[in-house]
file model20.cif (mmCIF, C-alpha atoms and all ligand atoms)
data_final
loop_
_atom_site.group_PDB
_atom_site.id
_atom_site.type_symbol
_atom_site.label_atom_id
_atom_site.label_comp_id
_atom_site.auth_asym_id
_atom_site.auth_seq_id
_atom_site.Cartn_x
_atom_site.Cartn_y
_atom_site.Cartn_z
ATOM 1 C CA MET A 1 -135.266 -36.743 31.155
ATOM 2 C CA ASP A 2 -136.337 -34.707 34.215
ATOM 3 C CA ASN A 3 -134.058 -34.026 37.177
ATOM 4 C CA LYS A 4 -135.259 -37.052 39.201
ATOM 5 C CA TRP A 5 -132.040 -38.900 38.305
ATOM 6 C CA GLN A 6 -130.131 -36.587 40.657
ATOM 7 C CA GLU A 7 -131.920 -37.920 43.748
ATOM 8 C CA ASN A 8 -130.683 -41.478 43.270
ATOM 9 C CA CYS A 9 -127.967 -41.439 40.637
ATOM 10 C CA ILE A 10 -127.423 -44.632 38.668
ATOM 11 C CA LEU A 11 -126.153 -42.931 35.504
ATOM 12 C CA CYS A 12 -122.953 -44.906 35.266
ATOM 13 C CA PRO A 13 -122.080 -48.582 35.945
ATOM 14 C CA VAL A 14 -120.987 -47.745 39.496
ATOM 15 C CA GLU A 15 -124.692 -47.181 40.318
ATOM 16 C CA CYS A 16 -123.764 -45.693 43.689
ATOM 17 C CA GLY A 17 -127.240 -44.190 44.167
ATOM 18 C CA ALA A 18 -125.918 -40.876 45.461
ATOM 19 C CA ASN A 19 -128.247 -37.947 45.982
ATOM 20 C CA ARG A 20 -126.515 -35.410 43.787
ATOM 21 C CA LEU A 21 -128.855 -32.608 44.751
ATOM 22 C CA ASN A 22 -127.180 -32.559 48.179
ATOM 23 C CA GLY A 23 -123.770 -34.077 47.625
ATOM 24 C CA VAL A 24 -121.418 -35.946 45.386
ATOM 25 C CA GLY A 25 -121.353 -39.534 44.223
ATOM 26 C CA ALA A 26 -118.419 -41.863 43.689
ATOM 27 C CA CYS A 27 -117.506 -39.803 40.598
ATOM 28 C CA GLY A 28 -116.858 -36.845 42.901
ATOM 29 C CA VAL A 29 -119.186 -34.222 41.419
ATOM 30 C CA LYS A 30 -122.672 -32.884 42.012
ATOM 31 C CA GLY A 31 -123.345 -30.934 38.822
ATOM 32 C CA LEU A 32 -121.469 -29.555 35.847
ATOM 33 C CA ARG A 33 -117.920 -28.642 36.743
ATOM 34 C CA ILE A 34 -115.277 -27.970 34.113
ATOM 35 C CA ALA A 35 -111.505 -27.697 34.377
ATOM 36 C CA LYS A 36 -110.594 -26.208 31.041
ATOM 37 C CA TYR A 37 -111.742 -25.582 27.515
ATOM 38 C CA TYR A 38 -109.489 -24.739 24.597
ATOM 39 C CA LEU A 39 -108.465 -25.714 21.072
ATOM 40 C CA HIS A 40 -106.576 -28.966 21.553
ATOM 41 C CA PRO A 41 -103.976 -29.639 18.831
ATOM 42 C CA PHE A 42 -102.784 -33.111 19.878
ATOM 43 C CA GLU A 43 -105.684 -35.460 19.142
ATOM 44 C CA GLU A 44 -105.758 -37.839 16.161
ATOM 45 C CA PRO A 45 -105.256 -35.836 12.895
ATOM 46 C CA CYS A 46 -108.864 -36.303 11.730
ATOM 47 C CA ILE A 47 -110.052 -34.846 15.083
ATOM 48 C CA SER A 48 -107.573 -32.005 15.719
ATOM 49 C CA PHE A 49 -107.546 -31.384 11.975
ATOM 50 C CA GLU A 50 -106.601 -27.744 11.188
ATOM 51 C CA LYS A 51 -107.487 -25.428 14.068
ATOM 52 C CA GLY A 52 -107.863 -28.004 16.816
ATOM 53 C CA SER A 53 -110.576 -29.801 18.700
ATOM 54 C CA GLY A 54 -112.705 -27.547 20.924
ATOM 55 C CA THR A 55 -112.086 -29.617 24.018
ATOM 56 C CA ILE A 56 -114.003 -29.305 27.284
ATOM 57 C CA PHE A 57 -112.623 -31.212 30.288
ATOM 58 C CA PHE A 58 -115.280 -32.176 32.829
ATOM 59 C CA CYS A 59 -114.201 -32.660 36.442
ATOM 60 C CA GLY A 60 -114.846 -35.978 38.145
ATOM 61 C CA CYS A 61 -114.571 -39.541 36.895
ATOM 62 C CA ASN A 62 -116.152 -42.904 37.610
ATOM 63 C CA LEU A 63 -112.828 -44.752 37.272
ATOM 64 C CA ARG A 64 -109.932 -44.743 39.703
ATOM 65 C CA CYS A 65 -106.933 -45.195 37.430
ATOM 66 C CA ALA A 66 -103.797 -45.619 39.529
ATOM 67 C CA TYR A 67 -101.818 -43.871 36.783
ATOM 68 C CA CYS A 68 -104.343 -41.105 36.023
ATOM 69 C CA GLN A 69 -102.844 -38.516 33.650
ATOM 70 C CA ASN A 70 -105.401 -35.863 34.686
ATOM 71 C CA TYR A 71 -105.457 -36.358 38.456
ATOM 72 C CA GLU A 72 -106.069 -32.694 39.322
ATOM 73 C CA VAL A 73 -109.301 -32.812 37.365
ATOM 74 C CA SER A 74 -110.538 -36.341 37.869
ATOM 75 C CA ARG A 75 -110.025 -36.472 41.623
ATOM 76 C CA ALA A 76 -108.674 -33.188 42.979
ATOM 77 C CA MET A 77 -111.673 -31.533 41.218
ATOM 78 C CA ARG A 78 -109.813 -28.434 40.201
ATOM 79 C CA GLY A 79 -112.349 -26.516 38.138
ATOM 80 C CA LYS A 80 -115.408 -24.295 38.245
ATOM 81 C CA GLU A 81 -119.149 -24.897 38.355
ATOM 82 C CA VAL A 82 -121.116 -23.955 35.249
ATOM 83 C CA SER A 83 -124.820 -24.069 34.424
ATOM 84 C CA PRO A 84 -126.185 -25.774 31.275
ATOM 85 C CA LYS A 85 -126.690 -22.259 29.837
ATOM 86 C CA GLU A 86 -123.029 -21.388 30.481
ATOM 87 C CA LEU A 87 -121.954 -24.680 28.894
ATOM 88 C CA ALA A 88 -124.036 -23.850 25.814
ATOM 89 C CA ASP A 89 -122.215 -20.488 25.666
ATOM 90 C CA ILE A 90 -118.879 -22.339 25.797
ATOM 91 C CA PHE A 91 -119.972 -24.449 22.802
ATOM 92 C CA ARG A 92 -120.629 -21.200 20.902
ATOM 93 C CA GLU A 93 -117.337 -19.646 22.031
ATOM 94 C CA LEU A 94 -115.289 -22.642 20.872
ATOM 95 C CA GLU A 95 -117.147 -22.633 17.574
ATOM 96 C CA ASP A 96 -116.376 -18.920 17.150
ATOM 97 C CA MET A 97 -112.687 -19.668 17.852
ATOM 98 C CA GLY A 98 -112.735 -21.915 14.766
ATOM 99 C CA ALA A 99 -112.796 -25.323 16.477
ATOM 100 C CA ASP A 100 -113.073 -28.255 14.083
ATOM 101 C CA ASN A 101 -115.403 -29.988 16.544
ATOM 102 C CA ILE A 102 -116.555 -29.849 20.173
ATOM 103 C CA SER A 103 -115.051 -32.617 22.294
ATOM 104 C CA LEU A 104 -116.602 -33.555 25.652
ATOM 105 C CA VAL A 105 -113.920 -35.217 27.791
ATOM 106 C CA THR A 106 -115.103 -37.576 30.566
ATOM 107 C CA PRO A 107 -118.778 -36.628 30.263
ATOM 108 C CA SER A 108 -120.578 -39.808 31.370
ATOM 109 C CA HIS A 109 -121.407 -38.692 34.938
ATOM 110 C CA VAL A 110 -123.026 -35.427 33.729
ATOM 111 C CA VAL A 111 -124.813 -36.572 30.557
ATOM 112 C CA PRO A 112 -128.320 -35.243 31.425
ATOM 113 C CA LEU A 113 -126.866 -31.790 32.186
ATOM 114 C CA ILE A 114 -124.923 -31.757 28.907
ATOM 115 C CA VAL A 115 -128.135 -32.720 27.095
ATOM 116 C CA GLN A 116 -129.812 -29.677 28.699
ATOM 117 C CA ALA A 117 -127.007 -27.509 27.262
ATOM 118 C CA LEU A 118 -127.339 -29.166 23.844
ATOM 119 C CA LYS A 119 -131.063 -28.434 23.831
ATOM 120 C CA LEU A 120 -130.177 -24.767 24.313
ATOM 121 C CA TYR A 121 -127.519 -24.830 21.620
ATOM 122 C CA LYS A 122 -126.460 -27.683 19.339
ATOM 123 C CA PRO A 123 -123.095 -26.835 17.765
ATOM 124 C CA LYS A 124 -122.992 -26.799 13.971
ATOM 125 C CA ILE A 125 -119.663 -28.648 14.038
ATOM 126 C CA PRO A 126 -119.327 -32.348 15.004
ATOM 127 C CA LEU A 127 -119.797 -33.280 18.653
ATOM 128 C CA VAL A 128 -117.208 -35.716 20.048
ATOM 129 C CA TYR A 129 -117.894 -37.912 23.097
ATOM 130 C CA ASN A 130 -114.503 -38.773 24.615
ATOM 131 C CA SER A 131 -114.642 -41.231 27.495
ATOM 132 C CA GLY A 132 -112.832 -43.901 29.460
ATOM 133 C CA GLY A 133 -115.252 -46.510 28.110
ATOM 134 C CA TYR A 134 -116.855 -47.395 31.465
ATOM 135 C CA GLU A 135 -120.383 -46.473 30.477
ATOM 136 C CA LYS A 136 -123.969 -47.682 30.588
ATOM 137 C CA VAL A 137 -125.579 -48.053 27.159
ATOM 138 C CA GLU A 138 -128.851 -46.630 28.597
ATOM 139 C CA THR A 139 -127.015 -43.401 29.473
ATOM 140 C CA LEU A 140 -125.326 -43.242 26.066
ATOM 141 C CA ARG A 141 -128.776 -43.464 24.467
ATOM 142 C CA LEU A 142 -129.741 -40.198 26.218
ATOM 143 C CA ILE A 143 -127.105 -38.245 24.311
ATOM 144 C CA ASP A 144 -126.547 -40.400 21.222
ATOM 145 C CA LYS A 145 -128.680 -38.315 18.862
ATOM 146 C CA TYR A 146 -126.450 -35.285 19.544
ATOM 147 C CA VAL A 147 -123.129 -37.180 19.232
ATOM 148 C CA ASP A 148 -121.356 -37.406 15.886
ATOM 149 C CA ILE A 149 -118.087 -39.041 16.924
ATOM 150 C CA TYR A 150 -117.293 -41.422 19.773
ATOM 151 C CA LEU A 151 -113.746 -41.493 21.120
ATOM 152 C CA PRO A 152 -113.698 -44.170 23.852
ATOM 153 C CA ASP A 153 -110.738 -45.847 25.548
ATOM 154 C CA VAL A 154 -110.497 -49.567 25.916
ATOM 155 C CA LYS A 155 -107.965 -49.843 28.711
ATOM 156 C CA PHE A 156 -107.668 -53.455 29.896
ATOM 157 C CA TYR A 157 -109.121 -56.844 29.009
ATOM 158 C CA SER A 158 -108.215 -58.843 32.085
ATOM 159 C CA PRO A 159 -110.395 -58.454 35.203
ATOM 160 C CA ALA A 160 -107.270 -58.745 37.372
ATOM 161 C CA LEU A 161 -105.484 -55.869 35.611
ATOM 162 C CA SER A 162 -108.677 -53.793 35.561
ATOM 163 C CA LYS A 163 -109.106 -54.289 39.277
ATOM 164 C CA ARG A 164 -105.487 -53.429 39.979
ATOM 165 C CA TYR A 165 -105.186 -50.360 37.765
ATOM 166 C CA LEU A 166 -108.750 -48.993 37.492
ATOM 167 C CA GLY A 167 -110.443 -50.275 40.633
ATOM 168 C CA LYS A 168 -113.103 -51.947 38.415
ATOM 169 C CA GLU A 169 -112.905 -55.699 37.907
ATOM 170 C CA ASP A 170 -115.811 -55.633 35.404
ATOM 171 C CA TYR A 171 -114.229 -52.918 33.255
ATOM 172 C CA PHE A 172 -113.933 -54.896 30.007
ATOM 173 C CA GLU A 173 -117.307 -56.581 30.383
ATOM 174 C CA VAL A 174 -118.927 -53.122 30.672
ATOM 175 C CA ALA A 175 -116.707 -51.209 28.234
ATOM 176 C CA SER A 176 -116.941 -53.814 25.467
ATOM 177 C CA LYS A 177 -120.760 -53.436 25.412
ATOM 178 C CA ALA A 178 -120.571 -49.637 25.518
ATOM 179 C CA VAL A 179 -117.955 -49.498 22.748
ATOM 180 C CA ALA A 180 -119.924 -51.945 20.576
ATOM 181 C CA PHE A 181 -122.828 -49.464 20.844
ATOM 182 C CA MET A 182 -120.570 -46.494 20.016
ATOM 183 C CA ALA A 183 -119.011 -48.255 17.027
ATOM 184 C CA GLN A 184 -122.400 -48.310 15.284
ATOM 185 C CA LYS A 185 -121.983 -44.602 14.512
ATOM 186 C CA PRO A 186 -121.574 -44.493 10.726
ATOM 187 C CA LEU A 187 -118.195 -43.394 9.403
ATOM 188 C CA SER A 188 -118.059 -40.160 7.427
ATOM 189 C CA MET A 189 -114.908 -38.211 6.510
ATOM 190 C CA THR A 190 -114.391 -35.181 4.287
ATOM 191 C CA LYS A 191 -112.121 -35.679 1.292
ATOM 192 C CA GLU A 192 -109.527 -33.579 3.185
ATOM 193 C CA GLY A 193 -109.528 -36.148 5.997
ATOM 194 C CA LYS A 194 -111.612 -34.489 8.727
ATOM 195 C CA MET A 195 -113.916 -36.861 10.590
ATOM 196 C CA LEU A 196 -117.576 -35.841 10.569
ATOM 197 C CA SER A 197 -119.008 -38.988 12.117
ATOM 198 C CA GLY A 198 -117.720 -42.337 13.361
ATOM 199 C CA CYS A 199 -115.860 -44.022 16.198
ATOM 200 C CA ILE A 200 -112.185 -44.131 17.154
ATOM 201 C CA VAL A 201 -111.251 -46.634 19.861
ATOM 202 C CA ARG A 202 -108.140 -45.670 21.800
ATOM 203 C CA HIS A 203 -105.834 -48.102 23.496
ATOM 204 C CA LEU A 204 -103.005 -46.744 25.622
ATOM 205 C CA VAL A 205 -100.169 -49.264 25.638
ATOM 206 C CA MET A 206 -99.059 -49.836 29.240
ATOM 207 C CA PRO A 207 -95.862 -51.256 30.756
ATOM 208 C CA LEU A 208 -95.837 -55.069 31.136
ATOM 209 C CA CYS A 209 -99.270 -55.477 29.496
ATOM 210 C CA THR A 210 -98.415 -56.875 26.056
ATOM 211 C CA ALA A 211 -100.538 -60.025 26.374
ATOM 212 C CA ASP A 212 -103.539 -57.985 27.534
ATOM 213 C CA CYS A 213 -103.075 -55.493 24.701
ATOM 214 C CA LYS A 214 -103.099 -58.332 22.141
ATOM 215 C CA ARG A 215 -106.410 -59.633 23.525
ATOM 216 C CA ILE A 216 -107.978 -56.189 23.201
ATOM 217 C CA LEU A 217 -106.812 -55.841 19.602
ATOM 218 C CA LYS A 218 -108.099 -59.318 18.748
ATOM 219 C CA TRP A 219 -111.501 -58.445 20.265
ATOM 220 C CA PHE A 220 -111.517 -55.171 18.328
ATOM 221 C CA SER A 221 -110.842 -56.895 14.989
ATOM 222 C CA GLU A 222 -113.414 -59.642 15.576
ATOM 223 C CA GLU A 223 -116.295 -57.766 17.203
ATOM 224 C CA LEU A 224 -116.412 -54.207 15.876
ATOM 225 C CA PRO A 225 -117.403 -52.987 12.395
ATOM 226 C CA LYS A 226 -114.485 -53.185 9.951
ATOM 227 C CA ASP A 227 -114.330 -49.416 9.388
ATOM 228 C CA THR A 228 -113.985 -48.555 13.105
ATOM 229 C CA TYR A 229 -110.754 -46.671 13.740
ATOM 230 C CA LEU A 230 -108.173 -47.903 16.238
ATOM 231 C CA SER A 231 -105.675 -45.522 17.830
ATOM 232 C CA VAL A 232 -102.728 -47.315 19.430
ATOM 233 C CA MET A 233 -101.265 -44.789 21.860
ATOM 234 C CA SER A 234 -97.687 -44.666 23.100
ATOM 235 C CA GLN A 235 -97.981 -41.650 25.383
ATOM 236 C CA TYR A 236 -98.195 -43.278 28.805
ATOM 237 C CA THR A 237 -96.337 -40.817 31.044
ATOM 238 C CA PRO A 238 -95.364 -41.789 34.596
ATOM 239 C CA PHE A 239 -95.497 -39.046 37.208
ATOM 240 C CA GLY A 240 -92.817 -40.504 39.445
ATOM 241 C CA LYS A 241 -93.296 -43.422 41.780
ATOM 242 C CA ILE A 242 -96.813 -44.576 42.639
ATOM 243 C CA ASP A 243 -96.895 -46.501 45.920
ATOM 244 C CA GLY A 244 -97.498 -50.197 45.280
ATOM 245 C CA PHE A 245 -97.209 -49.820 41.498
ATOM 246 C CA ASP A 246 -93.476 -49.924 40.779
ATOM 247 C CA GLU A 247 -94.101 -51.232 37.266
ATOM 248 C CA LEU A 248 -95.869 -47.965 36.348
ATOM 249 C CA SER A 249 -92.834 -45.806 37.067
ATOM 250 C CA ARG A 250 -91.400 -46.110 33.554
ATOM 251 C CA LYS A 251 -92.542 -45.272 30.039
ATOM 252 C CA ILE A 252 -93.303 -48.149 27.706
ATOM 253 C CA THR A 253 -90.432 -49.672 25.767
ATOM 254 C CA ALA A 254 -90.062 -49.682 21.973
ATOM 255 C CA ARG A 255 -90.586 -53.431 22.123
ATOM 256 C CA GLU A 256 -93.923 -53.091 23.952
ATOM 257 C CA TYR A 257 -95.220 -50.511 21.504
ATOM 258 C CA ASP A 258 -93.951 -52.374 18.435
ATOM 259 C CA ALA A 259 -95.694 -55.553 19.650
ATOM 260 C CA ALA A 260 -99.001 -53.648 19.751
ATOM 261 C CA VAL A 261 -98.549 -52.143 16.295
ATOM 262 C CA GLU A 262 -97.396 -55.420 14.741
ATOM 263 C CA THR A 263 -100.446 -57.160 16.229
ATOM 264 C CA ALA A 264 -102.754 -54.533 14.710
ATOM 265 C CA PHE A 265 -101.104 -55.008 11.309
ATOM 266 C CA ALA A 266 -101.225 -58.802 11.576
ATOM 267 C CA LEU A 267 -104.957 -58.636 12.365
ATOM 268 C CA GLY A 268 -105.487 -56.547 9.233
ATOM 269 C CA ILE A 269 -107.067 -53.602 11.068
ATOM 270 C CA PRO A 270 -107.499 -51.141 8.185
ATOM 271 C CA ASN A 271 -108.164 -47.812 9.926
ATOM 272 C CA LEU A 272 -105.267 -47.389 12.290
ATOM 273 C CA PHE A 273 -103.539 -44.471 14.024
ATOM 274 C CA ILE A 274 -100.107 -45.027 15.503
ATOM 275 C CA GLN A 275 -97.825 -42.596 17.330
ATOM 276 C CA GLU A 276 -94.144 -41.830 17.759
ATOM 277 C CA ARG A 277 -92.948 -42.965 21.170
ATOM 278 C CA THR A 278 -91.775 -39.357 21.695
ATOM 279 C CA SER A 279 -95.447 -38.560 22.351
ATOM 280 C CA ALA A 280 -94.837 -39.707 25.953
ATOM 281 C CA LYS A 281 -94.071 -36.251 27.312
ATOM 282 C CA THR A 282 -95.686 -34.242 30.071
ATOM 283 C CA GLU A 283 -96.097 -31.282 27.670
ATOM 284 C CA TYR A 284 -99.005 -33.184 26.125
ATOM 285 C CA ILE A 285 -100.844 -33.117 29.447
ATOM 286 C CA PRO A 286 -102.818 -29.847 29.615
ATOM 287 C CA SER A 287 -102.337 -27.375 32.437
ATOM 288 C CA TRP A 288 -105.637 -26.545 34.123
ATOM 289 C CA ASP A 289 -107.273 -23.134 34.036
ATOM 290 C CA PHE A 290 -109.634 -22.851 36.977
HETATM 291 S S1 LIG B 301 -122.442 -40.973 37.788
HETATM 292 FE FE1 LIG B 301 -121.422 -40.621 39.764
HETATM 293 S S2 LIG B 301 -123.072 -40.474 41.263
HETATM 294 FE FE2 LIG B 301 -123.935 -41.410 39.398
HETATM 295 S S3 LIG B 301 -123.766 -43.620 39.688
HETATM 296 FE FE3 LIG B 301 -121.926 -42.992 38.622
HETATM 297 S S4 LIG B 301 -120.430 -42.583 40.257
HETATM 298 FE FE4 LIG B 301 -122.453 -42.629 41.229
#

call {"tool": "encode", "arguments": {"input": "model20.cif", "output": "structure tokens"}}
result
Amino acid sequence: MDNKWQENCILCPVECGANRLNGVGACGVKGLRIAKYYLHPFEEPCISFEKGSGTIFFCGCNLRCAYCQNYEVSRAMRGKEVSPKELADIFRELEDMGADNISLVTPSHVVPLIVQALKLYKPKIPLVYNSGGYEKVETLRLIDKYVDIYLPDVKFYSPALSKRYLGKEDYFEVASKAVAFMAQKPLSMTKEGKMLSGCIVRHLVMPLCTADCKRILKWFSEELPKDTYLSVMSQYTPFGKIDGFDELSRKITAREYDAAVETAFALGIPNLFIQERTSAKTEYIPSWDF
């Protein structure tokens, strides 16, 4: 892909058509901008594994989550510009630090630039594509041959909840197609339990959303390959009061999380990660470097 896409960007489902040579689109970034890279110890065990996931946080985002856990990066754009060559050097550096994989966090709005970096240096360890799920399949196809593991969220099923919390009424319609594409990645694990290839779908359980959560889990069990992993996450962490969203000012209850886990068991989902509710702490939210 040449750099023409930057003149009229339609990389993601927002299709805002921004000229990213001169300015930013709805995702908030022009080029590659990163907030932090380090060995992340708190992902699913098959991803963090022994030394940690070599995680790179990209600034900007095409969603507008009212409860964003990474606001400084997704919207305040705290970070620094890097070139594809510098990103390739970061891949090498993380590999030299002993990372079990390289994880690209929120990469969808900079995919062609990441591909340029991957052409300069393809890590020898698995490459993880970690996203909010709001993706175009055409854009995923640009990077798919480099990706070993997909780690997408599926956040909400209902258009009304998606509109309220993400600012995207069509979230599930778009994300379900993108995740169905991602879930075709064949599963491969070492005998020690490290993932080499595959797909883990994450669902963050939210306050007052039990019915919606059950619909997502039902869709997951009916539509995705049987060996796809599901990670039911309990770590929703409120950062005080959000104007107009009083219901988001508390953590989830044991009852809400148990309902999600019991639904996953009842549906017979075989590859399942669950968490302690004590995971809902701000210490699991990274502090930003740049
Ligand atoms: S990636 Fe950014 S600039 Fe491109 S269409 Fe999406 S929001 Fe707009």

call {"tool": "residues_around", "arguments": {"input": "model20.cif", "residues": "Pro107 of chain A", "least_positions_apart": "5", "cutoff": "12 Å", "atoms": "only C-alpha atoms", "output": "mmCIF file with C-alpha atoms, keeping the file's coordinate frame"}}
result
data_model
loop_
_atom_site.group_PDB
_atom_site.id
_atom_site.type_symbol
_atom_site.label_atom_id
_atom_site.label_comp_id
_atom_site.auth_asym_id
_atom_site.auth_seq_id
_atom_site.Cartn_x
_atom_site.Cartn_y
_atom_site.Cartn_z
ATOM 1 C CA LEU A 11 -126.153 -42.931 35.504
ATOM 2 C CA CYS A 12 -122.953 -44.906 35.266
ATOM 3 C CA CYS A 27 -117.506 -39.803 40.598
ATOM 4 C CA VAL A 29 -119.186 -34.222 41.419
ATOM 5 C CA GLY A 31 -123.345 -30.934 38.822
ATOM 6 C CA LEU A 32 -121.469 -29.555 35.847
ATOM 7 C CA ARG A 33 -117.920 -28.642 36.743
ATOM 8 C CA ILE A 34 -115.277 -27.970 34.113
ATOM 9 C CA THR A 55 -112.086 -29.617 24.018
ATOM 10 C CA ILE A 56 -114.003 -29.305 27.284
ATOM 11 C CA PHE A 57 -112.623 -31.212 30.288
ATOM 12 C CA PHE A 58 -115.280 -32.176 32.829
ATOM 13 C CA CYS A 59 -114.201 -32.660 36.442
ATOM 14 C CA GLY A 60 -114.846 -35.978 38.145
ATOM 15 C CA CYS A 61 -114.571 -39.541 36.895
ATOM 16 C CA ASN A 62 -116.152 -42.904 37.610
ATOM 17 C CA SER A 74 -110.538 -36.341 37.869
ATOM 18 C CA PRO A 112 -128.320 -35.243 31.425
ATOM 19 C CA LEU A 113 -126.866 -31.790 32.186
ATOM 20 C CA ILE A 114 -124.923 -31.757 28.907
ATOM 21 C CA VAL A 115 -128.135 -32.720 27.095
ATOM 22 C CA VAL A 128 -117.208 -35.716 20.048
ATOM 23 C CA TYR A 129 -117.894 -37.912 23.097
ATOM 24 C CA ASN A 130 -114.503 -38.773 24.615
ATOM 25 C CA SER A 131 -114.642 -41.231 27.495
ATOM 26 C CA GLY A 132 -112.832 -43.901 29.460
ATOM 27 C CA GLY A 133 -115.252 -46.510 28.110
ATOM 28 C CA TYR A 134 -116.855 -47.395 31.465
ATOM 29 C CA GLU A 135 -120.383 -46.473 30.477
ATOM 30 C CA THR A 139 -127.015 -43.401 29.473
ATOM 31 C CA LEU A 140 -125.326 -43.242 26.066
ATOM 32 C CA ILE A 143 -127.105 -38.245 24.311
ATOM 33 C CA VAL A 147 -123.129 -37.180 19.232
ATOM 34 C CA TYR A 150 -117.293 -41.422 19.773
ATOM 35 C CA LEU A 151 -113.746 -41.493 21.120
ATOM 36 C CA PRO A 152 -113.698 -44.170 23.852
#

call {"tool": "resolve_selection", "arguments": {"input": "model20.cif", "expression": "the PyMOL selection byres (((chain A and resi 22) around 12) and not hetatm)", "output": "ChimeraX atom specification"}}
result
/A:6-9,18-21,23-25,29-31

call {"tool": "resolve_selection", "arguments": {"input": "model20.cif", "expression": "the PyMOL selection byres (((chain A and resi 63) around 12) and not hetatm)", "output": "ChimeraX atom specification"}}
result
/A:12-14,26-28,60-62,64-68,70-71,74-75,106,108-109,131-135,153,155,162-171,175

call {"tool": "resolve_selection", "arguments": {"input": "model20.cif", "expression": "the PyMOL selection byres (((chain A and resi 187) around 6) and not hetatm)", "output": "count of residues only"}}
result
4

call {"tool": "residues_around", "arguments": {"input": "model20.cif", "residues": "Phe91 of chain A", "least_positions_apart": "6", "cutoff": "10 Å", "atoms": "all atoms listed in the file", "output": "PyMOL selection string"}}
result
chain A and resi 37+54-56+85+99+101-103+117-118+121-125+127

call {"tool": "residues_near_point", "arguments": {"input": "model20.cif", "point": "(-110.5, -27.8, 11.8)", "cutoff": "7 Å", "atoms": "all atoms listed in the file", "output": "list in words"}}
result
Ser48, Phe49, Glu50, Lys51, Gly52, Gly98, Ala99 and Asp100 of chain A

call {"tool": "closest_residue", "arguments": {"input": "model20.cif", "among": "A:Arg92, A:Lys136, A:Lys36, A:Arg78", "to": "ligand LIG 301 (chain B)", "atoms": "all atoms listed in the file"}}
result
A:Lys136

call {"tool": "axis_aligned_box", "arguments": {"input": "model20.cif", "around": "ligand LIG 301 (chain B)", "padding_each_side": "5 Å", "output": "lines of an AutoDock Vina configuration file"}}
result
center_x = -122.2
center_y = -42.0
center_z = 39.5
size_x = 13.5
size_y = 13.1
size_z = 13.5

call {"tool": "closest_residue", "arguments": {"input": "model20.cif", "among": "A:Ser231, A:Thr253, A:Thr237, A:Ser53", "to": "Ile200 of chain A", "atoms": "all atoms listed in the file"}}
result
A:Ser231

call {"tool": "closest_residue", "arguments": {"input": "model20.cif", "among": "A:Leu208, A:Val110, A:Leu267, A:Leu39", "to": "ligand LIG 301 (chain B)", "atoms": "only C-alpha atoms and all ligand atoms"}}
result
A:Val110

call {"tool": "atom_distance", "arguments": {"input": "model20.cif", "atom1": "atom CA of Lys177 of chain A", "atom2": "atom CA of Phe220 of chain A"}}
result
11.8 Å

call {"tool": "residues_around", "arguments": {"input": "model20.cif", "residues": "His203 of chain A", "least_positions_apart": "6", "cutoff": "12 Å", "atoms": "only C-alpha atoms", "output": "PyMOL selection string"}}
result
chain A and resi 131-133+151-157+209-210+212-217+220+229-236+257+260-261+264+272-275

call {"tool": "write_last_selection", "arguments": {"input": "model20.cif", "atoms": "C-alpha atoms", "output": "PDB file, keeping the file's coordinate frame"}}
result
ATOM      1  CA  SER A 131    -114.642 -41.231  27.495  1.00  0.00           C
ATOM      2  CA  GLY A 132    -112.832 -43.901  29.460  1.00  0.00           C
ATOM      3  CA  GLY A 133    -115.252 -46.510  28.110  1.00  0.00           C
ATOM      4  CA  LEU A 151    -113.746 -41.493  21.120  1.00  0.00           C
ATOM      5  CA  PRO A 152    -113.698 -44.170  23.852  1.00  0.00           C
ATOM      6  CA  ASP A 153    -110.738 -45.847  25.548  1.00  0.00           C
ATOM      7  CA  VAL A 154    -110.497 -49.567  25.916  1.00  0.00           C
ATOM      8  CA  LYS A 155    -107.965 -49.843  28.711  1.00  0.00           C
ATOM      9  CA  PHE A 156    -107.668 -53.455  29.896  1.00  0.00           C
ATOM     10  CA  TYR A 157    -109.121 -56.844  29.009  1.00  0.00           C
ATOM     11  CA  CYS A 209     -99.270 -55.477  29.496  1.00  0.00           C
ATOM     12  CA  THR A 210     -98.415 -56.875  26.056  1.00  0.00           C
ATOM     13  CA  ASP A 212    -103.539 -57.985  27.534  1.00  0.00           C
ATOM     14  CA  CYS A 213    -103.075 -55.493  24.701  1.00  0.00           C
ATOM     15  CA  LYS A 214    -103.099 -58.332  22.141  1.00  0.00           C
ATOM     16  CA  ARG A 215    -106.410 -59.633  23.525  1.00  0.00           C
ATOM     17  CA  ILE A 216    -107.978 -56.189  23.201  1.00  0.00           C
ATOM     18  CA  LEU A 217    -106.812 -55.841  19.602  1.00  0.00           C
ATOM     19  CA  PHE A 220    -111.517 -55.171  18.328  1.00  0.00           C
ATOM     20  CA  TYR A 229    -110.754 -46.671  13.740  1.00  0.00           C
ATOM     21  CA  LEU A 230    -108.173 -47.903  16.238  1.00  0.00           C
ATOM     22  CA  SER A 231    -105.675 -45.522  17.830  1.00  0.00           C
ATOM     23  CA  VAL A 232    -102.728 -47.315  19.430  1.00  0.00           C
ATOM     24  CA  MET A 233    -101.265 -44.789  21.860  1.00  0.00           C
ATOM     25  CA  SER A 234     -97.687 -44.666  23.100  1.00  0.00           C
ATOM     26  CA  GLN A 235     -97.981 -41.650  25.383  1.00  0.00           C
ATOM     27  CA  TYR A 236     -98.195 -43.278  28.805  1.00  0.00           C
ATOM     28  CA  TYR A 257     -95.220 -50.511  21.504  1.00  0.00           C
ATOM     29  CA  ALA A 260     -99.001 -53.648  19.751  1.00  0.00           C
ATOM     30  CA  VAL A 261     -98.549 -52.143  16.295  1.00  0.00           C
ATOM     31  CA  ALA A 264    -102.754 -54.533  14.710  1.00  0.00           C
ATOM     32  CA  LEU A 272    -105.267 -47.389  12.290  1.00  0.00           C
ATOM     33  CA  PHE A 273    -103.539 -44.471  14.024  1.00  0.00           C
ATOM     34  CA  ILE A 274    -100.107 -45.027  15.503  1.00  0.00           C
ATOM     35  CA  GLN A 275     -97.825 -42.596  17.330  1.00  0.00           C
TER      36      GLN A 275
END
